[in-house]
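K.L.:
So that you have it, the file is entry_12.cif, and it contains mmCIF, C-alpha atoms:
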data_protein
loop_
_atom_site.group_PDB
_atom_site.id
_atom_site.type_symbol
_atom_site.label_atom_id
_atom_site.label_comp_id
_atom_site.auth_asym_id
_atom_site.auth_seq_id
_atom_site.Cartn_x
_atom_site.Cartn_y
_atom_site.Cartn_z
ATOM 1 C CA MET V 1 78.681 -6.605 -1.578
ATOM 2 C CA THR V 2 75.990 -4.076 -2.285
ATOM 3 C CA THR V 3 76.365 -0.444 -1.377
ATOM 4 C CA GLN V 4 73.232 1.566 -0.680
ATOM 5 C CA ARG V 5 72.360 3.547 -3.804
ATOM 6 C CA LEU V 6 72.518 7.294 -3.493
ATOM 7 C CA GLU V 7 69.257 9.201 -3.462
ATOM 8 C CA PRO V 8 68.394 12.701 -4.703
ATOM 9 C CA GLY V 9 68.715 15.229 -1.882
ATOM 10 C CA SER V 10 71.566 13.423 -0.142
ATOM 11 C CA LEU V 11 75.042 14.951 0.101
ATOM 12 C CA ALA V 12 77.441 13.687 -2.562
ATOM 13 C CA PRO V 13 80.315 11.699 -1.019
ATOM 14 C CA ALA V 14 83.591 13.648 -0.951
ATOM 15 C CA PHE V 15 86.514 12.413 -3.034
ATOM 16 C CA THR V 16 89.900 13.289 -4.466
ATOM 17 C CA LEU V 17 91.124 11.300 -7.484
ATOM 18 C CA PRO V 18 93.926 11.738 -10.023
ATOM 19 C CA ASP V 19 92.943 12.747 -13.548
ATOM 20 C CA GLN V 20 94.503 11.509 -16.793
ATOM 21 C CA ASP V 21 97.499 13.817 -16.181
ATOM 22 C CA GLU V 22 97.831 12.689 -12.530
ATOM 23 C CA ARG V 23 96.532 16.012 -11.180
ATOM 24 C CA ALA V 24 94.305 15.706 -8.105
ATOM 25 C CA VAL V 25 90.634 16.542 -8.670
ATOM 26 C CA THR V 26 88.580 17.137 -5.502
ATOM 27 C CA LEU V 27 84.800 17.303 -5.547
ATOM 28 C CA LYS V 28 84.803 20.068 -2.920
ATOM 29 C CA ASP V 29 86.806 22.298 -5.292
ATOM 30 C CA LEU V 30 83.928 22.077 -7.808
ATOM 31 C CA ARG V 31 81.300 23.450 -5.399
ATOM 32 C CA GLY V 32 79.507 26.484 -6.714
ATOM 33 C CA GLY V 33 78.616 24.779 -9.985
ATOM 34 C CA PRO V 34 76.749 21.597 -10.880
ATOM 35 C CA VAL V 35 78.712 18.416 -11.678
ATOM 36 C CA ILE V 36 77.908 15.332 -13.748
ATOM 37 C CA LEU V 37 79.867 12.219 -12.744
ATOM 38 C CA PHE V 38 79.592 9.249 -15.050
ATOM 39 C CA PHE V 39 81.023 5.922 -13.963
ATOM 40 C CA TYR V 40 82.052 3.513 -16.715
ATOM 41 C CA PRO V 41 83.744 0.083 -16.712
ATOM 42 C CA ALA V 42 86.796 0.486 -18.970
ATOM 43 C CA ALA V 43 88.423 3.046 -21.241
ATOM 44 C CA MET V 44 88.649 2.214 -24.934
ATOM 45 C CA THR V 45 85.942 -0.469 -24.934
ATOM 46 C CA PRO V 46 83.072 -0.062 -27.426
ATOM 47 C CA GLY V 47 80.237 0.871 -25.017
ATOM 48 C CA CYS V 48 82.387 3.136 -22.882
ATOM 49 C CA THR V 49 83.785 4.860 -25.975
ATOM 50 C CA LYS V 50 80.231 5.471 -27.243
ATOM 51 C CA GLU V 51 79.156 6.968 -23.898
ATOM 52 C CA ALA V 52 82.331 9.064 -23.520
ATOM 53 C CA CYS V 53 81.987 10.426 -27.080
ATOM 54 C CA ASP V 54 78.297 11.237 -26.476
ATOM 55 C CA PHE V 55 79.330 13.301 -23.432
ATOM 56 C CA ARG V 56 82.040 14.960 -25.560
ATOM 57 C CA ASP V 57 79.504 15.793 -28.272
ATOM 58 C CA SER V 58 77.093 17.244 -25.654
ATOM 59 C CA LEU V 59 79.743 19.092 -23.688
ATOM 60 C CA ALA V 60 79.155 22.585 -25.129
ATOM 61 C CA PRO V 61 75.468 22.820 -24.086
ATOM 62 C CA LEU V 62 76.207 21.151 -20.727
ATOM 63 C CA GLN V 63 79.053 23.585 -20.018
ATOM 64 C CA ALA V 64 76.907 26.507 -21.194
ATOM 65 C CA ALA V 65 74.404 25.438 -18.511
ATOM 66 C CA GLY V 66 77.249 25.471 -15.974
ATOM 67 C CA TYR V 67 77.944 21.732 -15.698
ATOM 68 C CA THR V 68 81.368 20.166 -15.168
ATOM 69 C CA VAL V 69 81.502 16.651 -16.648
ATOM 70 C CA LEU V 70 83.869 14.028 -15.206
ATOM 71 C CA GLY V 71 84.242 10.371 -16.199
ATOM 72 C CA ILE V 72 85.400 7.898 -13.525
ATOM 73 C CA SER V 73 86.697 4.363 -14.109
ATOM 74 C CA PRO V 74 89.160 1.923 -12.509
ATOM 75 C CA ASP V 75 91.678 2.615 -15.314
ATOM 76 C CA GLU V 76 95.137 3.998 -14.517
ATOM 77 C CA PRO V 77 95.885 7.632 -15.540
ATOM 78 C CA GLU V 78 98.109 6.580 -18.458
ATOM 79 C CA LYS V 79 95.293 4.573 -20.083
ATOM 80 C CA LEU V 80 92.869 7.454 -19.457
ATOM 81 C CA ARG V 81 95.309 9.855 -21.132
ATOM 82 C CA ARG V 82 95.484 7.584 -24.222
ATOM 83 C CA PHE V 83 91.658 7.263 -24.276
ATOM 84 C CA ARG V 84 91.237 11.018 -24.025
ATOM 85 C CA GLU V 85 93.733 11.664 -26.846
ATOM 86 C CA ARG V 86 92.438 8.866 -29.089
ATOM 87 C CA ASP V 87 88.825 10.041 -28.945
ATOM 88 C CA GLY V 88 89.342 13.801 -28.545
ATOM 89 C CA LEU V 89 87.617 13.862 -25.153
ATOM 90 C CA THR V 90 87.549 17.430 -23.857
ATOM 91 C CA TYR V 91 86.777 16.815 -20.178
ATOM 92 C CA ASP V 92 88.740 15.110 -17.424
ATOM 93 C CA LEU V 93 88.764 11.386 -16.780
ATOM 94 C CA LEU V 94 89.455 10.291 -13.196
ATOM 95 C CA SER V 95 91.274 7.153 -12.095
ATOM 96 C CA ASP V 96 89.853 4.984 -9.277
ATOM 97 C CA PRO V 97 91.820 1.699 -9.497
ATOM 98 C CA ASP V 98 90.974 0.584 -5.947
ATOM 99 C CA HIS V 99 87.291 1.538 -6.600
ATOM 100 C CA LYS V 100 86.894 3.413 -3.302
ATOM 101 C CA VAL V 101 84.930 6.235 -4.980
ATOM 102 C CA LEU V 102 83.012 3.789 -7.191
ATOM 103 C CA GLU V 103 81.931 2.029 -3.980
ATOM 104 C CA LYS V 104 80.956 5.296 -2.220
ATOM 105 C CA TYR V 105 78.706 6.114 -5.175
ATOM 106 C CA ALA V 106 77.246 2.559 -5.366
ATOM 107 C CA ALA V 107 78.724 2.223 -8.862
ATOM 108 C CA TRP V 108 80.661 -0.930 -7.933
ATOM 109 C CA GLY V 109 78.898 -4.197 -7.264
ATOM 110 C CA GLU V 110 77.748 -7.563 -8.475
ATOM 111 C CA LYS V 111 77.164 -8.003 -12.160
ATOM 112 C CA VAL V 112 76.149 -11.053 -14.174
ATOM 113 C CA ASN V 113 77.559 -11.779 -17.614
ATOM 114 C CA TYR V 114 76.928 -15.023 -19.492
ATOM 115 C CA GLY V 115 75.671 -16.594 -16.256
ATOM 116 C CA LYS V 116 78.775 -15.680 -14.244
ATOM 117 C CA THR V 117 78.561 -13.333 -11.266
ATOM 118 C CA TYR V 118 81.486 -10.981 -10.657
ATOM 119 C CA LEU V 119 82.256 -7.585 -9.117
ATOM 120 C CA GLY V 120 82.571 -4.666 -11.483
ATOM 121 C CA VAL V 121 81.546 -1.157 -12.435
ATOM 122 C CA ILE V 122 77.813 -0.530 -12.629
ATOM 123 C CA ARG V 123 77.429 2.037 -15.416
ATOM 124 C CA SER V 124 75.927 5.007 -13.559
ATOM 125 C CA THR V 125 75.543 8.774 -13.749
ATOM 126 C CA ILE V 126 75.224 11.045 -10.733
ATOM 127 C CA VAL V 127 74.254 14.720 -11.080
ATOM 128 C CA ILE V 128 75.302 16.990 -8.210
ATOM 129 C CA ASP V 129 74.059 20.531 -7.638
ATOM 130 C CA ALA V 130 76.194 23.593 -6.829
ATOM 131 C CA LYS V 131 75.808 22.944 -3.081
ATOM 132 C CA GLY V 132 77.059 19.348 -3.300
ATOM 133 C CA ARG V 133 73.667 17.612 -3.150
ATOM 134 C CA ILE V 134 72.601 14.860 -5.533
ATOM 135 C CA THR V 135 69.806 15.850 -7.919
ATOM 136 C CA HIS V 136 69.787 12.684 -10.073
ATOM 137 C CA ALA V 137 71.204 9.196 -9.402
ATOM 138 C CA LEU V 138 70.893 6.957 -12.462
ATOM 139 C CA TYR V 139 72.078 3.347 -12.165
ATOM 140 C CA ASN V 140 72.478 0.488 -14.671
ATOM 141 C CA VAL V 141 72.233 2.906 -17.572
ATOM 142 C CA ARG V 142 72.865 1.916 -21.190
ATOM 143 C CA ALA V 143 75.832 3.410 -22.994
ATOM 144 C CA THR V 144 73.752 4.281 -26.061
ATOM 145 C CA GLY V 145 71.189 7.061 -25.724
ATOM 146 C CA HIS V 146 72.016 7.736 -22.090
ATOM 147 C CA VAL V 147 73.509 11.207 -22.567
ATOM 148 C CA ALA V 148 70.380 12.361 -24.424
ATOM 149 C CA ARG V 149 68.312 11.162 -21.438
ATOM 150 C CA VAL V 150 70.564 13.093 -19.016
ATOM 151 C CA ARG V 151 70.250 16.238 -21.129
ATOM 152 C CA SER V 152 66.475 15.833 -21.208
ATOM 153 C CA LEU V 153 66.315 15.402 -17.402
ATOM 154 C CA LEU V 154 68.414 18.545 -16.975
ATOM 155 C CA GLY V 155 66.573 20.551 -19.620
ATOM 156 C CA VAL V 156 69.825 21.165 -21.512
#
Produce structure tokens that represent the structure in this file.
P.N.:
Amino acid sequence: MTTQRLEPGSLAPAFTLPDQDERAVTLKDLRGGPVILFFYPAAMTPGCTKEACDFRDSLAPLQAAGYTVLGISPDEPEKLRRFRERDGLTYDLLSDPDHKVLEKYAAWGEKVNYGKTYLGVIRSTIVIDAKGRITHALYNVRATGHVARVRSLLGV
């Protein structure tokens, strides 16, 4: 199962997902300002913690430039709440346990680990402009050093 990757210039797929406190977050409600969505496999794992903390540590300049940062994973809200508290994450984490949004954003697909093929989260970051159009679609990114690359792309 391979979903077509999103391309810059295309309209970002609409979604509504619960955050770590089970409040609904809708992409449409964020129009008017740019959004960074980062898709990660699992809360509280080493790589995902590194990436999430890098976004936390870069949040002030990103927010100063107008960006809203949201992390999306298949984890349930309760686990996201614990992750957020444990690591002092200061942005919302969204829960997509049935991976409908992950699939819409082509961040769910075949992966290979130790020779085994399975379906899972493809670590990805999508940047959306104030009008809801994709400006950057980065797939198969590394947890380490990725946020610095995003900031460089955005000039932040």
K.L.:
Report the distance between CA of Leu154 (chain V) and CA of Arg23 (chain V) in Å, rounded to one decimal place.
P.N.:
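We find that CA of Leu154 (chain V) and CA of Arg23 (chain V) lie 28.8 Å from each other.
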K.L.:
Return the single residue from V:Ile126, V:Ala148, V:Ala107, V:Leu138 that is closest to Gln4 (chain V), with distances computed using all atoms listed in the file.
P.N.:
V:Ala107
K.L.:
Give me, please, the distance in Å between CA of Tyr139 (chain V) and CA of Gly120 (chain V), quoted to one decimal.
P.N.:
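Taking CA of Tyr139 (chain V) as the start and CA of Gly120 (chain V) as the end point, the length is 13.2 Å.
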K.L.:
V:His136, V:Asp96, V:Thr68, V:Cys48: which is nearest Ala24 (chain V), counting only C-alpha atoms?
P.N.:
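Of the candidates, the smallest distance to Ala24 (chain V) is held by V:Asp96.
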K.L.:
Show me, as a tab-separated table (two decimals) with C-alpha atoms, in the coordinates of the input, the residues that have an atom within 9 Å of region 26-40 of chain V when counting all atoms listed in the file, minus same-chain residues fewer than 2 positions from it.
P.N.:
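File written: result07.tsv
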chain	number	residue	atom	x	y	z
V	12	ALA	CA	77.44	13.69	-2.56
V	13	PRO	CA	80.32	11.70	-1.02
V	14	ALA	CA	83.59	13.65	-0.95
V	15	PHE	CA	86.51	12.41	-3.03
V	16	THR	CA	89.90	13.29	-4.47
V	17	LEU	CA	91.12	11.30	-7.48
V	18	PRO	CA	93.93	11.74	-10.02
V	24	ALA	CA	94.30	15.71	-8.10
V	42	ALA	CA	86.80	0.49	-18.97
V	43	ALA	CA	88.42	3.05	-21.24
V	47	GLY	CA	80.24	0.87	-25.02
V	48	CYS	CA	82.39	3.14	-22.88
V	51	GLU	CA	79.16	6.97	-23.90
V	52	ALA	CA	82.33	9.06	-23.52
V	65	ALA	CA	74.40	25.44	-18.51
V	66	GLY	CA	77.25	25.47	-15.97
V	67	TYR	CA	77.94	21.73	-15.70
V	68	THR	CA	81.37	20.17	-15.17
V	69	VAL	CA	81.50	16.65	-16.65
V	70	LEU	CA	83.87	14.03	-15.21
V	71	GLY	CA	84.24	10.37	-16.20
V	72	ILE	CA	85.40	7.90	-13.52
V	73	SER	CA	86.70	4.36	-14.11
V	74	PRO	CA	89.16	1.92	-12.51
V	102	LEU	CA	83.01	3.79	-7.19
V	107	ALA	CA	78.72	2.22	-8.86
V	121	VAL	CA	81.55	-1.16	-12.44
V	122	ILE	CA	77.81	-0.53	-12.63
V	123	ARG	CA	77.43	2.04	-15.42
V	124	SER	CA	75.93	5.01	-13.56
V	125	THR	CA	75.54	8.77	-13.75
V	126	ILE	CA	75.22	11.04	-10.73
V	127	VAL	CA	74.25	14.72	-11.08
V	128	ILE	CA	75.30	16.99	-8.21
V	129	ASP	CA	74.06	20.53	-7.64
V	130	ALA	CA	76.19	23.59	-6.83
V	131	LYS	CA	75.81	22.94	-3.08
V	132	GLY	CA	77.06	19.35	-3.30
V	143	ALA	CA	75.83	3.41	-22.99
K.L.:
Please measure the separation of CA of Ser58 (chain V) and CA of Val147 (chain V), giving the value in Å to one decimal.
P.N.:
7.7 Å
K.L.:
For the file shown, what are the residues hit by the PyMOL selection byres ((chain V and resi 92) around 7), laid out as a list in words?
P.N.:
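Taken on the displayed file, the PyMOL selection byres ((chain V and resi 92) around 7) yields the residues Asp19, Gln20, Leu70, Gly71, Thr90, Tyr91, Leu93 and Leu94 of chain V.
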K.L.:
What would the file look like if the residues just selected were written as a compact mmCIF listing (two decimals), keeping the file's coordinate frame with C-alpha atoms?
P.N.:
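Everything below was put into out.txt:
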# COMPACT_ATOMS: atom_id res chain seq x y z
CA ASP V 19 92.94 12.75 -13.55
CA GLN V 20 94.50 11.51 -16.79
CA LEU V 70 83.87 14.03 -15.21
CA GLY V 71 84.24 10.37 -16.20
CA THR V 90 87.55 17.43 -23.86
CA TYR V 91 86.78 16.82 -20.18
CA LEU V 93 88.76 11.39 -16.78
CA LEU V 94 89.46 10.29 -13.20
K.L.:
Applied to this file, what does the PyMOL selection byres ((chain V and resi 10) around 6) return in terms of residues, put as a PyMOL selection string?
P.N.:
chain V and resi 7-9+11+133-134
K.L.:
Ranking V:Arg149, V:Lys79, V:Ala137, V:Tyr118 by minimum distance to Ala106 (chain V) and counting only C-alpha atoms, which one comes first?
P.N.:
V:Ala137
K.L.:
For the structure provided, state which residues fall under the PyMOL selection byres ((chain V and resi 111) around 12), and present them as a short mmCIF file (atom, residue, chain, number, x, y, z; two decimals) with C-alpha atoms, keeping the file's coordinate frame.
P.N.:
data_model
loop_
_atom_site.label_atom_id
_atom_site.label_comp_id
_atom_site.auth_asym_id
_atom_site.auth_seq_id
_atom_site.Cartn_x
_atom_site.Cartn_y
_atom_site.Cartn_z
CA MET V 1 78.68 -6.60 -1.58
CA THR V 2 75.99 -4.08 -2.28
CA PRO V 41 83.74 0.08 -16.71
CA ALA V 107 78.72 2.22 -8.86
CA TRP V 108 80.66 -0.93 -7.93
CA GLY V 109 78.90 -4.20 -7.26
CA GLU V 110 77.75 -7.56 -8.48
CA VAL V 112 76.15 -11.05 -14.17
CA ASN V 113 77.56 -11.78 -17.61
CA TYR V 114 76.93 -15.02 -19.49
CA GLY V 115 75.67 -16.59 -16.26
CA LYS V 116 78.78 -15.68 -14.24
CA THR V 117 78.56 -13.33 -11.27
CA TYR V 118 81.49 -10.98 -10.66
CA LEU V 119 82.26 -7.58 -9.12
CA GLY V 120 82.57 -4.67 -11.48
CA VAL V 121 81.55 -1.16 -12.44
CA ILE V 122 77.81 -0.53 -12.63
CA ARG V 123 77.43 2.04 -15.42
CA ASN V 140 72.48 0.49 -14.67
#
